[in-house]
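Just below is one structure, and these are the notes that go with it.
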Amino acid sequence: MSTPLPMFPLGTPLLPGMGMPLQVFEPRYHAMMDDVLAGDGTFGVSLITHGHEVGGGDLRSSVGVRAEILEHRHLDNGLRLLLIVGRHRIRVSRWLRDDPYPLADVETWEDEPRRKVADPDGSMAVPRLGRLDIQARLDDIVALLSQGVTVEEDRGRLLESSTLPRDLDTAIWQATIVACLGPLDRQRLLEASGPDERLPLLVEMLEERRDVLAFTLAERH
């Protein structure tokens, strides 16, 4: 069932489990955050596909993420700084008014469960692609990224964040962030129906990212 939710369109998608700093300066989004903080502290984030978030008149994706406010403070210059985290996917069934701020009817969009595939002997096994396939390609990317990192502290942080957790869904989103995939690639992964569609898509994106980095580094030398 769809329920109304305040929406914050952005130029980059928020992912489940992903933290993001957010700066609020438009009056309509100040009003929105006042209402959100007076409620359950959550709102929707969707990708702007055309246009710009300032002033409205943009085109927005119908697939986004419900965000929760973790930290919030006002600055003396009138800005509001937020730290938000993505909780779960949502799908917009209908965009509502934009006055005083964007609002949409949304529903939670759960991933389709992983399908089983039959082994040659007739037994059942999980699909072939998994966390280790992501980790192997991410390791290649991190090794290439590390060659361009000059601050040892930054290099250590990069290496630490590249160790993927055992939970597959969390590993997928973390790899997406560590590999610095672009907004449109992130949105394609977000819109995938579930791990069976998302995993091969992510592996392909990681391989393309690896190849581009390797070519760029080779050109520098």
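Ordered as shown in the structure tokens, chains take letters A, B, and onward, while each chain numbers its residues from 1 and ligands are numbered from 1 in the order shown.
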
**Report entry** Spatial neighbours of stretch 181-197 of chain A, max dist 7 Å, only C-alpha atoms, sep filter under 3 positions, as a list in words
**Finding:**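 Surrounding residues, per the criterion: Thr12, Pro13, Val63, Asp111, Glu112, Pro113, Arg114, Thr176, Ile177, Pro200 and Leu201 of chain A.
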
Output N, CA, C and O atoms for every residue in the selection just made, as a compact mmCIF listing (two decimals), in the first residue's frame.
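Resulting contents of part.txt:
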```
# COMPACT_ATOMS: atom_id res chain seq x y z
N THR A 12 22.58 12.64 -7.07
CA THR A 12 23.22 11.33 -6.91
C THR A 12 22.31 10.46 -6.07
O THR A 12 21.65 10.95 -5.14
N PRO A 13 22.20 9.17 -6.38
CA PRO A 13 21.29 8.33 -5.62
C PRO A 13 21.85 7.94 -4.25
O PRO A 13 23.06 7.77 -4.10
N VAL A 63 12.29 5.25 -8.55
CA VAL A 63 12.89 4.31 -7.59
C VAL A 63 13.91 5.07 -6.74
O VAL A 63 14.79 5.73 -7.28
N ASP A 111 13.58 -6.64 -2.38
CA ASP A 111 14.28 -7.40 -3.41
C ASP A 111 13.58 -8.74 -3.66
O ASP A 111 13.04 -9.34 -2.73
N GLU A 112 13.62 -9.18 -4.90
CA GLU A 112 13.20 -10.55 -5.19
C GLU A 112 14.21 -11.51 -4.56
O GLU A 112 15.42 -11.26 -4.58
N PRO A 113 13.75 -12.62 -3.97
CA PRO A 113 14.69 -13.57 -3.35
C PRO A 113 15.58 -14.22 -4.40
O PRO A 113 15.22 -14.31 -5.59
N ARG A 114 16.74 -14.68 -3.97
CA ARG A 114 17.66 -15.36 -4.88
C ARG A 114 17.05 -16.68 -5.34
O ARG A 114 16.50 -17.44 -4.56
N THR A 176 29.93 -0.88 -4.45
CA THR A 176 29.49 0.19 -5.34
C THR A 176 30.09 1.52 -4.92
O THR A 176 30.53 2.32 -5.76
N ILE A 177 30.14 1.76 -3.60
CA ILE A 177 30.66 3.02 -3.09
C ILE A 177 32.19 3.07 -3.17
O ILE A 177 32.77 4.05 -3.64
N PRO A 200 25.36 -9.84 -11.47
CA PRO A 200 26.11 -9.80 -12.74
C PRO A 200 26.28 -8.39 -13.28
O PRO A 200 27.29 -8.08 -13.91
N LEU A 201 25.31 -7.52 -13.01
CA LEU A 201 25.42 -6.13 -13.43
C LEU A 201 26.56 -5.44 -12.70
O LEU A 201 27.37 -4.73 -13.31
```

Query raised in the report: Within 12 Å of A:Thr216, counting only C-alpha atoms, which residues qualify if same-chain residues fewer than 4 places away don't, as an MDAnalysis selection string?
Result: chainID A and resid 144:145 147:148 209:212 220:221

Export, as a PDB file, in the first residue's frame, the selected residues with C-alpha atoms.
```pdb
ATOM      1  CA  LEU A 144      44.787   0.543  -8.927  1.00  0.00           C
ATOM      2  CA  LEU A 145      43.208   3.328  -6.863  1.00  0.00           C
ATOM      3  CA  GLN A 147      48.570   3.843  -6.868  1.00  0.00           C
ATOM      4  CA  GLY A 148      47.004   7.268  -7.162  1.00  0.00           C
ATOM      5  CA  ARG A 209      35.895   0.389 -13.843  1.00  0.00           C
ATOM      6  CA  ARG A 210      39.035  -1.732 -13.410  1.00  0.00           C
ATOM      7  CA  ASP A 211      39.852  -1.579 -17.106  1.00  0.00           C
ATOM      8  CA  VAL A 212      39.404   2.210 -17.246  1.00  0.00           C
ATOM      9  CA  ARG A 220      50.346   8.363 -17.185  1.00  0.00           C
ATOM     10  CA  HIS A 221      53.467   6.254 -17.477  1.00  0.00           C
TER      11      HIS A 221
END
```

Report task. Excluding stretch 90-107 of chain A and any residue of its chain fewer than 4 positions from it, enumerate the residues within 12 Å of it, using only C-alpha atoms, and give them as number ranges by chain. Result -> A: 1-10, 14-16, 26-36, 43-47, 53-67, 86, 111, 190-191, 193

Query raised in the report: What is the distance between atom CA of A:Arg80 and atom CA of A:Gly17, in Å to one decimal?
Result: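 Interatomic distance here is 22.2 Å.
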
Requested in this report: as a PyMOL selection string, please: all residues of stretch 5-205 of chain A that backbone DSSP puts in helix (DSSP H, G or I).
Outcome: chain A and resi 27-38+131-146+152-161+168-178+183-191+195-205

If you run DSSP over the backbone, which residues in stretch 8-221 of chain A end up strand (DSSP E or B)? Put them as a compact mmCIF listing (two decimals) with all heavy atoms, in the first residue's frame.
```txt
# COMPACT_ATOMS: atom_id res chain seq x y z
N PHE A 8 13.17 14.18 -1.28
CA PHE A 8 14.30 15.09 -1.51
C PHE A 8 15.03 14.60 -2.76
O PHE A 8 15.86 13.71 -2.69
CB PHE A 8 15.24 15.08 -0.32
CG PHE A 8 16.10 16.31 -0.20
CD1 PHE A 8 16.10 17.06 0.96
CD2 PHE A 8 16.93 16.72 -1.24
CE1 PHE A 8 16.90 18.20 1.09
CE2 PHE A 8 17.73 17.85 -1.14
CZ PHE A 8 17.70 18.59 0.04
N PRO A 9 14.73 15.16 -3.93
CA PRO A 9 15.44 14.77 -5.16
C PRO A 9 16.89 15.28 -5.13
O PRO A 9 17.15 16.40 -4.72
CB PRO A 9 14.65 15.47 -6.27
CG PRO A 9 13.35 15.87 -5.64
CD PRO A 9 13.66 16.14 -4.21
N LEU A 10 17.81 14.42 -5.56
CA LEU A 10 19.23 14.76 -5.55
C LEU A 10 19.88 14.36 -6.87
O LEU A 10 19.35 13.54 -7.61
CB LEU A 10 19.95 14.05 -4.40
CG LEU A 10 19.67 14.54 -2.97
CD1 LEU A 10 20.34 13.61 -1.96
CD2 LEU A 10 20.15 15.96 -2.78
N PRO A 16 20.91 1.81 -0.04
CA PRO A 16 20.63 1.21 1.27
C PRO A 16 21.91 1.00 2.08
O PRO A 16 22.90 0.49 1.57
CB PRO A 16 19.99 -0.13 0.90
CG PRO A 16 19.40 0.08 -0.45
CD PRO A 16 20.36 1.01 -1.14
N GLY A 19 25.71 6.09 4.10
CA GLY A 19 25.61 7.38 4.76
C GLY A 19 25.91 8.50 3.79
O GLY A 19 26.67 8.33 2.84
N MET A 20 25.30 9.66 4.02
CA MET A 20 25.50 10.79 3.12
C MET A 20 25.29 12.10 3.89
O MET A 20 24.29 12.25 4.59
CB MET A 20 24.51 10.73 1.95
CG MET A 20 24.59 11.93 1.00
SD MET A 20 23.26 11.93 -0.25
CE MET A 20 23.78 10.57 -1.30
N PRO A 21 26.24 13.06 3.77
CA PRO A 21 25.99 14.39 4.32
C PRO A 21 25.04 15.15 3.40
O PRO A 21 25.08 14.98 2.18
CB PRO A 21 27.38 15.02 4.36
CG PRO A 21 28.12 14.33 3.25
CD PRO A 21 27.58 12.93 3.18
N LEU A 22 24.20 15.96 3.97
CA LEU A 22 23.22 16.70 3.18
C LEU A 22 23.16 18.13 3.70
O LEU A 22 23.05 18.36 4.91
CB LEU A 22 21.84 16.03 3.30
CG LEU A 22 20.75 16.48 2.33
CD1 LEU A 22 21.16 16.22 0.89
CD2 LEU A 22 19.45 15.74 2.65
N GLN A 23 23.25 19.07 2.78
CA GLN A 23 23.20 20.50 3.13
C GLN A 23 21.88 21.07 2.65
O GLN A 23 21.55 20.97 1.46
CB GLN A 23 24.37 21.23 2.49
CG GLN A 23 24.43 22.71 2.81
CD GLN A 23 25.69 23.35 2.27
OE1 GLN A 23 26.77 23.25 2.84
NE2 GLN A 23 25.57 24.04 1.14
N VAL A 24 21.13 21.66 3.54
CA VAL A 24 19.81 22.21 3.22
C VAL A 24 19.88 23.72 3.27
O VAL A 24 20.31 24.30 4.29
CB VAL A 24 18.74 21.70 4.21
CG1 VAL A 24 17.38 22.33 3.91
CG2 VAL A 24 18.65 20.18 4.13
N THR A 42 12.21 10.31 8.88
CA THR A 42 12.55 9.71 7.59
C THR A 42 11.90 10.47 6.44
O THR A 42 10.86 11.12 6.60
CB THR A 42 12.11 8.23 7.51
OG1 THR A 42 10.68 8.14 7.46
CG2 THR A 42 12.63 7.45 8.70
N PHE A 43 12.52 10.37 5.28
CA PHE A 43 12.01 10.97 4.06
C PHE A 43 12.60 10.18 2.89
O PHE A 43 13.49 9.34 3.07
CB PHE A 43 12.37 12.45 3.96
CG PHE A 43 13.85 12.74 4.00
CD1 PHE A 43 14.57 12.92 2.82
CD2 PHE A 43 14.53 12.83 5.20
CE1 PHE A 43 15.93 13.18 2.85
CE2 PHE A 43 15.90 13.10 5.24
CZ PHE A 43 16.60 13.27 4.06
N GLY A 44 12.12 10.44 1.69
CA GLY A 44 12.60 9.72 0.52
C GLY A 44 13.64 10.51 -0.24
O GLY A 44 13.62 11.74 -0.27
N VAL A 45 14.58 9.79 -0.84
CA VAL A 45 15.58 10.39 -1.73
C VAL A 45 15.47 9.72 -3.09
O VAL A 45 15.47 8.48 -3.18
CB VAL A 45 17.01 10.22 -1.17
CG1 VAL A 45 18.05 10.69 -2.19
CG2 VAL A 45 17.17 10.99 0.14
N SER A 46 15.37 10.51 -4.13
CA SER A 46 15.29 9.97 -5.49
C SER A 46 16.26 10.72 -6.39
O SER A 46 16.58 11.89 -6.15
CB SER A 46 13.87 10.07 -6.05
OG SER A 46 13.49 11.44 -6.17
N LEU A 47 16.72 10.05 -7.43
CA LEU A 47 17.68 10.64 -8.36
C LEU A 47 16.99 11.57 -9.34
O LEU A 47 15.94 11.24 -9.90
CB LEU A 47 18.40 9.53 -9.15
CG LEU A 47 19.38 10.00 -10.22
CD1 LEU A 47 20.60 10.68 -9.59
CD2 LEU A 47 19.82 8.84 -11.11
N ILE A 48 17.58 12.74 -9.54
CA ILE A 48 17.12 13.64 -10.59
C ILE A 48 17.70 13.16 -11.91
O ILE A 48 18.92 13.09 -12.08
CB ILE A 48 17.57 15.09 -10.30
CG1 ILE A 48 16.91 15.60 -9.03
CG2 ILE A 48 17.24 16.00 -11.47
CD1 ILE A 48 17.43 16.94 -8.58
N THR A 49 16.84 12.82 -12.84
CA THR A 49 17.30 12.31 -14.13
C THR A 49 17.54 13.42 -15.14
O THR A 49 18.37 13.29 -16.04
CB THR A 49 16.29 11.30 -14.70
OG1 THR A 49 15.00 11.93 -14.80
CG2 THR A 49 16.18 10.08 -13.79
N HIS A 50 16.81 14.52 -15.02
CA HIS A 50 17.01 15.70 -15.87
C HIS A 50 16.68 16.94 -15.05
O HIS A 50 15.79 16.92 -14.21
CB HIS A 50 16.11 15.68 -17.11
CG HIS A 50 16.44 14.61 -18.09
ND1 HIS A 50 15.89 13.34 -18.02
CD2 HIS A 50 17.29 14.57 -19.15
CE1 HIS A 50 16.37 12.59 -19.00
NE2 HIS A 50 17.23 13.31 -19.69
N LEU A 59 13.10 16.35 -13.48
CA LEU A 59 12.50 15.03 -13.69
C LEU A 59 13.17 14.05 -12.74
O LEU A 59 14.39 14.07 -12.58
CB LEU A 59 12.70 14.58 -15.14
CG LEU A 59 12.02 15.45 -16.21
CD1 LEU A 59 12.33 14.90 -17.60
CD2 LEU A 59 10.51 15.50 -15.98
N ARG A 60 12.38 13.17 -12.12
CA ARG A 60 12.89 12.33 -11.04
C ARG A 60 12.62 10.86 -11.30
O ARG A 60 11.62 10.49 -11.90
CB ARG A 60 12.20 12.74 -9.73
CG ARG A 60 12.29 14.22 -9.43
CD ARG A 60 11.18 14.69 -8.52
NE ARG A 60 11.22 16.15 -8.34
CZ ARG A 60 10.26 16.84 -7.77
NH1 ARG A 60 9.16 16.23 -7.35
NH2 ARG A 60 10.37 18.15 -7.64
N SER A 61 13.54 10.05 -10.80
CA SER A 61 13.36 8.60 -10.89
C SER A 61 12.23 8.16 -9.97
O SER A 61 11.99 8.76 -8.92
CB SER A 61 14.65 7.88 -10.50
OG SER A 61 14.43 6.49 -10.37
N SER A 62 11.56 7.11 -10.36
CA SER A 62 10.48 6.57 -9.53
C SER A 62 10.99 5.54 -8.53
O SER A 62 10.20 5.01 -7.73
CB SER A 62 9.41 5.93 -10.42
OG SER A 62 9.95 4.85 -11.17
N VAL A 63 12.29 5.25 -8.55
CA VAL A 63 12.89 4.31 -7.59
C VAL A 63 13.91 5.07 -6.74
O VAL A 63 14.79 5.73 -7.28
CB VAL A 63 13.58 3.13 -8.30
CG1 VAL A 63 14.27 2.22 -7.28
CG2 VAL A 63 12.57 2.34 -9.12
N GLY A 64 13.74 4.98 -5.44
CA GLY A 64 14.65 5.68 -4.54
C GLY A 64 14.84 4.90 -3.26
O GLY A 64 14.65 3.67 -3.22
N VAL A 65 15.21 5.61 -2.21
CA VAL A 65 15.50 4.99 -0.92
C VAL A 65 14.90 5.84 0.19
O VAL A 65 14.91 7.08 0.11
CB VAL A 65 17.03 4.86 -0.72
CG1 VAL A 65 17.38 4.54 0.74
CG2 VAL A 65 17.60 3.79 -1.63
N ARG A 66 14.36 5.19 1.19
CA ARG A 66 13.91 5.90 2.39
C ARG A 66 15.13 6.22 3.24
O ARG A 66 15.92 5.32 3.55
CB ARG A 66 12.91 5.08 3.19
CG ARG A 66 12.37 5.82 4.43
CD ARG A 66 11.44 4.94 5.23
NE ARG A 66 10.16 4.77 4.59
CZ ARG A 66 9.08 5.52 4.82
NH1 ARG A 66 9.16 6.52 5.69
NH2 ARG A 66 7.94 5.30 4.19
N ALA A 67 15.30 7.48 3.57
CA ALA A 67 16.45 7.94 4.35
C ALA A 67 16.03 8.26 5.78
O ALA A 67 14.91 8.71 6.02
CB ALA A 67 17.07 9.17 3.70
N GLU A 68 16.96 8.03 6.71
CA GLU A 68 16.74 8.38 8.10
C GLU A 68 17.78 9.40 8.53
O GLU A 68 18.97 9.28 8.19
CB GLU A 68 16.84 7.15 9.00
CG GLU A 68 16.62 7.45 10.48
CD GLU A 68 16.75 6.22 11.36
OE1 GLU A 68 16.97 5.12 10.81
OE2 GLU A 68 16.65 6.37 12.58
N ILE A 69 17.36 10.41 9.27
CA ILE A 69 18.28 11.43 9.76
C ILE A 69 19.01 10.91 11.00
O ILE A 69 18.38 10.54 11.99
CB ILE A 69 17.53 12.73 10.11
CG1 ILE A 69 16.86 13.30 8.86
CG2 ILE A 69 18.48 13.75 10.73
CD1 ILE A 69 16.00 14.53 9.13
N LEU A 70 20.35 10.89 10.93
CA LEU A 70 21.16 10.46 12.07
C LEU A 70 21.65 11.64 12.89
O LEU A 70 21.71 11.56 14.12
CB LEU A 70 22.37 9.65 11.58
CG LEU A 70 22.08 8.35 10.84
CD1 LEU A 70 23.39 7.67 10.46
CD2 LEU A 70 21.21 7.41 11.67
N GLU A 71 22.05 12.72 12.21
CA GLU A 71 22.52 13.92 12.89
C GLU A 71 21.94 15.14 12.20
O GLU A 71 21.65 15.11 11.00
CB GLU A 71 24.05 14.00 12.87
CG GLU A 71 24.75 12.86 13.62
CD GLU A 71 26.25 12.98 13.57
OE1 GLU A 71 26.76 14.08 13.21
OE2 GLU A 71 26.94 11.99 13.87
N HIS A 72 21.80 16.21 12.96
CA HIS A 72 21.14 17.41 12.43
C HIS A 72 21.60 18.61 13.23
O HIS A 72 21.64 18.58 14.46
CB HIS A 72 19.62 17.24 12.54
CG HIS A 72 18.87 18.53 12.45
ND1 HIS A 72 18.40 19.21 13.56
CD2 HIS A 72 18.51 19.26 11.37
CE1 HIS A 72 17.78 20.30 13.17
NE2 HIS A 72 17.83 20.35 11.85
N ARG A 73 22.00 19.68 12.51
CA ARG A 73 22.32 20.92 13.22
C ARG A 73 22.17 22.11 12.29
O ARG A 73 22.32 21.99 11.07
CB ARG A 73 23.73 20.88 13.81
CG ARG A 73 24.87 20.79 12.83
CD ARG A 73 26.18 20.54 13.56
NE ARG A 73 27.31 20.41 12.68
CZ ARG A 73 28.17 21.39 12.40
NH1 ARG A 73 28.01 22.58 12.98
NH2 ARG A 73 29.20 21.20 11.60
N HIS A 74 21.86 23.25 12.91
CA HIS A 74 21.76 24.52 12.18
C HIS A 74 23.07 25.29 12.28
O HIS A 74 23.75 25.23 13.31
CB HIS A 74 20.64 25.38 12.78
CG HIS A 74 19.27 24.93 12.42
ND1 HIS A 74 18.67 25.25 11.22
CD2 HIS A 74 18.36 24.19 13.11
CE1 HIS A 74 17.45 24.72 11.19
NE2 HIS A 74 17.24 24.08 12.32
N ARG A 80 21.45 24.27 7.08
CA ARG A 80 21.17 23.13 7.95
C ARG A 80 21.99 21.95 7.44
O ARG A 80 21.93 21.63 6.26
CB ARG A 80 19.68 22.80 7.90
CG ARG A 80 19.23 21.77 8.92
CD ARG A 80 17.80 21.31 8.68
NE ARG A 80 16.84 22.39 8.57
CZ ARG A 80 15.74 22.49 9.32
NH1 ARG A 80 15.50 21.59 10.26
NH2 ARG A 80 14.89 23.47 9.15
N LEU A 81 22.77 21.34 8.31
CA LEU A 81 23.59 20.20 7.94
C LEU A 81 22.99 18.93 8.52
O LEU A 81 22.65 18.87 9.71
CB LEU A 81 25.03 20.38 8.45
CG LEU A 81 25.80 21.58 7.93
CD1 LEU A 81 27.22 21.58 8.48
CD2 LEU A 81 25.82 21.59 6.40
N LEU A 82 22.88 17.92 7.66
CA LEU A 82 22.31 16.64 8.06
C LEU A 82 23.29 15.52 7.73
O LEU A 82 24.06 15.60 6.78
CB LEU A 82 21.00 16.36 7.32
CG LEU A 82 19.87 17.38 7.41
CD1 LEU A 82 18.74 16.96 6.48
CD2 LEU A 82 19.37 17.51 8.83
N LEU A 83 23.23 14.48 8.51
CA LEU A 83 23.85 13.21 8.16
C LEU A 83 22.72 12.20 8.06
O LEU A 83 21.98 11.99 9.03
CB LEU A 83 24.87 12.76 9.20
CG LEU A 83 25.52 11.39 8.93
CD1 LEU A 83 26.28 11.41 7.61
CD2 LEU A 83 26.42 10.98 10.08
N ILE A 84 22.56 11.62 6.88
CA ILE A 84 21.46 10.68 6.66
C ILE A 84 22.03 9.32 6.28
O ILE A 84 23.17 9.19 5.86
CB ILE A 84 20.50 11.18 5.56
CG1 ILE A 84 21.23 11.29 4.20
CG2 ILE A 84 19.90 12.53 5.95
CD1 ILE A 84 20.31 11.66 3.04
N VAL A 85 21.19 8.30 6.40
CA VAL A 85 21.56 6.95 5.98
C VAL A 85 20.38 6.34 5.24
O VAL A 85 19.23 6.55 5.60
CB VAL A 85 21.97 6.08 7.19
CG1 VAL A 85 20.82 5.88 8.15
CG2 VAL A 85 22.54 4.73 6.73
N GLY A 86 20.68 5.60 4.16
CA GLY A 86 19.64 4.92 3.41
C GLY A 86 19.19 3.67 4.13
O GLY A 86 20.01 2.89 4.61
N ARG A 87 17.89 3.47 4.23
CA ARG A 87 17.36 2.31 4.94
C ARG A 87 16.88 1.21 3.99
O ARG A 87 17.33 0.09 4.06
CB ARG A 87 16.23 2.74 5.88
CG ARG A 87 16.71 3.55 7.08
CD ARG A 87 17.80 2.81 7.82
NE ARG A 87 18.22 3.51 9.05
CZ ARG A 87 19.32 3.23 9.72
NH1 ARG A 87 20.13 2.28 9.29
NH2 ARG A 87 19.63 3.90 10.80
N HIS A 88 15.94 1.50 3.12
CA HIS A 88 15.46 0.48 2.18
C HIS A 88 14.90 1.15 0.93
O HIS A 88 14.60 2.34 0.93
CB HIS A 88 14.41 -0.42 2.84
CG HIS A 88 13.24 0.33 3.40
ND1 HIS A 88 13.08 0.55 4.74
CD2 HIS A 88 12.18 0.92 2.80
CE1 HIS A 88 11.97 1.25 4.96
NE2 HIS A 88 11.42 1.49 3.80
N ARG A 89 14.75 0.34 -0.11
CA ARG A 89 14.27 0.87 -1.39
C ARG A 89 12.79 1.22 -1.31
O ARG A 89 12.01 0.58 -0.61
CB ARG A 89 14.46 -0.15 -2.50
CG ARG A 89 15.89 -0.45 -2.83
CD ARG A 89 16.00 -1.16 -4.17
NE ARG A 89 15.22 -2.38 -4.23
CZ ARG A 89 14.97 -3.06 -5.35
NH1 ARG A 89 15.43 -2.62 -6.50
NH2 ARG A 89 14.29 -4.19 -5.32
N ILE A 90 12.44 2.25 -2.06
CA ILE A 90 11.04 2.62 -2.22
C ILE A 90 10.75 2.82 -3.70
O ILE A 90 11.65 3.07 -4.50
CB ILE A 90 10.69 3.91 -1.44
CG1 ILE A 90 11.62 5.06 -1.86
CG2 ILE A 90 10.75 3.68 0.06
CD1 ILE A 90 11.25 6.40 -1.26
N ARG A 91 9.47 2.68 -4.02
CA ARG A 91 9.04 2.92 -5.40
C ARG A 91 7.89 3.93 -5.37
O ARG A 91 6.94 3.78 -4.59
CB ARG A 91 8.60 1.61 -6.04
CG ARG A 91 8.29 1.71 -7.51
CD ARG A 91 8.38 0.37 -8.21
NE ARG A 91 7.79 -0.73 -7.46
CZ ARG A 91 7.90 -2.01 -7.83
NH1 ARG A 91 8.60 -2.32 -8.91
NH2 ARG A 91 7.35 -2.96 -7.11
N VAL A 92 8.02 4.96 -6.18
CA VAL A 92 7.00 6.01 -6.24
C VAL A 92 5.85 5.54 -7.11
O VAL A 92 6.06 5.19 -8.28
CB VAL A 92 7.59 7.32 -6.79
CG1 VAL A 92 6.49 8.36 -6.99
CG2 VAL A 92 8.66 7.86 -5.85
N SER A 93 4.67 5.52 -6.56
CA SER A 93 3.49 5.17 -7.36
C SER A 93 2.84 6.41 -7.96
O SER A 93 2.20 6.35 -9.00
CB SER A 93 2.46 4.42 -6.50
OG SER A 93 2.08 5.19 -5.37
N ARG A 94 3.06 7.58 -7.28
CA ARG A 94 2.47 8.82 -7.80
C ARG A 94 3.15 10.00 -7.13
O ARG A 94 3.26 10.05 -5.90
CB ARG A 94 0.97 8.85 -7.53
CG ARG A 94 0.25 10.09 -8.06
CD ARG A 94 -1.25 9.88 -7.99
NE ARG A 94 -1.70 9.68 -6.61
CZ ARG A 94 -2.48 10.56 -5.95
NH1 ARG A 94 -2.89 11.65 -6.54
NH2 ARG A 94 -2.86 10.30 -4.71
N TRP A 95 3.63 10.94 -7.94
CA TRP A 95 4.14 12.19 -7.40
C TRP A 95 2.97 13.10 -7.07
O TRP A 95 2.05 13.26 -7.88
CB TRP A 95 5.09 12.88 -8.39
CG TRP A 95 6.42 12.21 -8.48
CD1 TRP A 95 6.81 11.29 -9.40
CD2 TRP A 95 7.53 12.40 -7.60
NE1 TRP A 95 8.10 10.89 -9.16
CE2 TRP A 95 8.57 11.54 -8.05
CE3 TRP A 95 7.76 13.19 -6.47
CZ2 TRP A 95 9.81 11.48 -7.42
CZ3 TRP A 95 8.99 13.12 -5.84
CH2 TRP A 95 10.00 12.27 -6.31
N LEU A 103 6.36 15.83 -2.49
CA LEU A 103 5.68 14.77 -1.76
C LEU A 103 5.25 13.71 -2.77
O LEU A 103 4.89 14.03 -3.90
CB LEU A 103 4.46 15.34 -1.04
CG LEU A 103 3.80 14.50 0.05
CD1 LEU A 103 4.70 14.42 1.28
CD2 LEU A 103 2.45 15.08 0.42
N ALA A 104 5.31 12.44 -2.37
CA ALA A 104 4.93 11.36 -3.29
C ALA A 104 4.30 10.22 -2.51
O ALA A 104 4.60 10.00 -1.33
CB ALA A 104 6.14 10.85 -4.06
N ASP A 105 3.41 9.50 -3.17
CA ASP A 105 2.92 8.23 -2.65
C ASP A 105 3.97 7.17 -2.97
O ASP A 105 4.34 6.99 -4.14
CB ASP A 105 1.59 7.84 -3.29
CG ASP A 105 0.41 8.59 -2.70
OD1 ASP A 105 0.50 8.99 -1.52
OD2 ASP A 105 -0.59 8.78 -3.41
N VAL A 106 4.47 6.48 -1.94
CA VAL A 106 5.52 5.49 -2.14
C VAL A 106 5.15 4.19 -1.45
O VAL A 106 4.31 4.15 -0.56
CB VAL A 106 6.89 5.99 -1.60
CG1 VAL A 106 7.24 7.34 -2.19
CG2 VAL A 106 6.88 6.05 -0.09
N GLU A 107 5.81 3.13 -1.89
CA GLU A 107 5.69 1.83 -1.24
C GLU A 107 7.08 1.23 -1.11
O GLU A 107 7.97 1.50 -1.92
CB GLU A 107 4.79 0.89 -2.06
CG GLU A 107 5.25 0.69 -3.49
CD GLU A 107 4.25 -0.13 -4.30
OE1 GLU A 107 3.18 -0.47 -3.77
OE2 GLU A 107 4.56 -0.42 -5.48
N THR A 108 7.29 0.45 -0.07
CA THR A 108 8.56 -0.25 0.10
C THR A 108 8.72 -1.27 -1.02
O THR A 108 7.77 -1.99 -1.36
CB THR A 108 8.60 -0.96 1.46
OG1 THR A 108 8.49 0.02 2.49
CG2 THR A 108 9.90 -1.73 1.64
N VAL A 117 19.57 -22.73 -8.50
CA VAL A 117 19.87 -23.32 -9.79
C VAL A 117 20.24 -24.78 -9.58
O VAL A 117 20.84 -25.15 -8.57
CB VAL A 117 21.02 -22.58 -10.50
CG1 VAL A 117 20.60 -21.17 -10.85
CG2 VAL A 117 22.27 -22.54 -9.65
N ALA A 118 19.90 -25.60 -10.53
CA ALA A 118 20.15 -27.04 -10.40
C ALA A 118 21.56 -27.40 -10.81
O ALA A 118 22.06 -26.95 -11.85
CB ALA A 118 19.14 -27.81 -11.23
N MET A 124 20.27 -28.95 -5.69
CA MET A 124 20.07 -27.51 -5.82
C MET A 124 21.21 -26.75 -5.16
O MET A 124 21.75 -27.18 -4.15
CB MET A 124 18.75 -27.09 -5.16
CG MET A 124 17.53 -27.81 -5.73
SD MET A 124 17.32 -27.54 -7.51
CE MET A 124 16.82 -25.84 -7.52
N ALA A 125 21.62 -25.66 -5.77
CA ALA A 125 22.69 -24.84 -5.22
C ALA A 125 22.36 -23.37 -5.45
O ALA A 125 21.52 -23.04 -6.28
CB ALA A 125 24.03 -25.18 -5.89
```

Query raised in the report: Quick one, how far is atom CA of A:Glu160 from atom CA of A:Leu213?
Result: 19.8 Å

Query - Pick from A:Trp173, A:Leu129, A:Cys180, A:Leu206 nearest to A:Lys116, counting only C-alpha atoms - result: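 Among the listed residues, the smallest separation from A:Lys116 belongs to A:Leu129.
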
Query - Among listed residues A:Leu202, A:Asp76, A:Gln174, A:Gly41, nearest A:Gly130 (using only C-alpha atoms) - result: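 The closest residue to A:Gly130 is A:Leu202.
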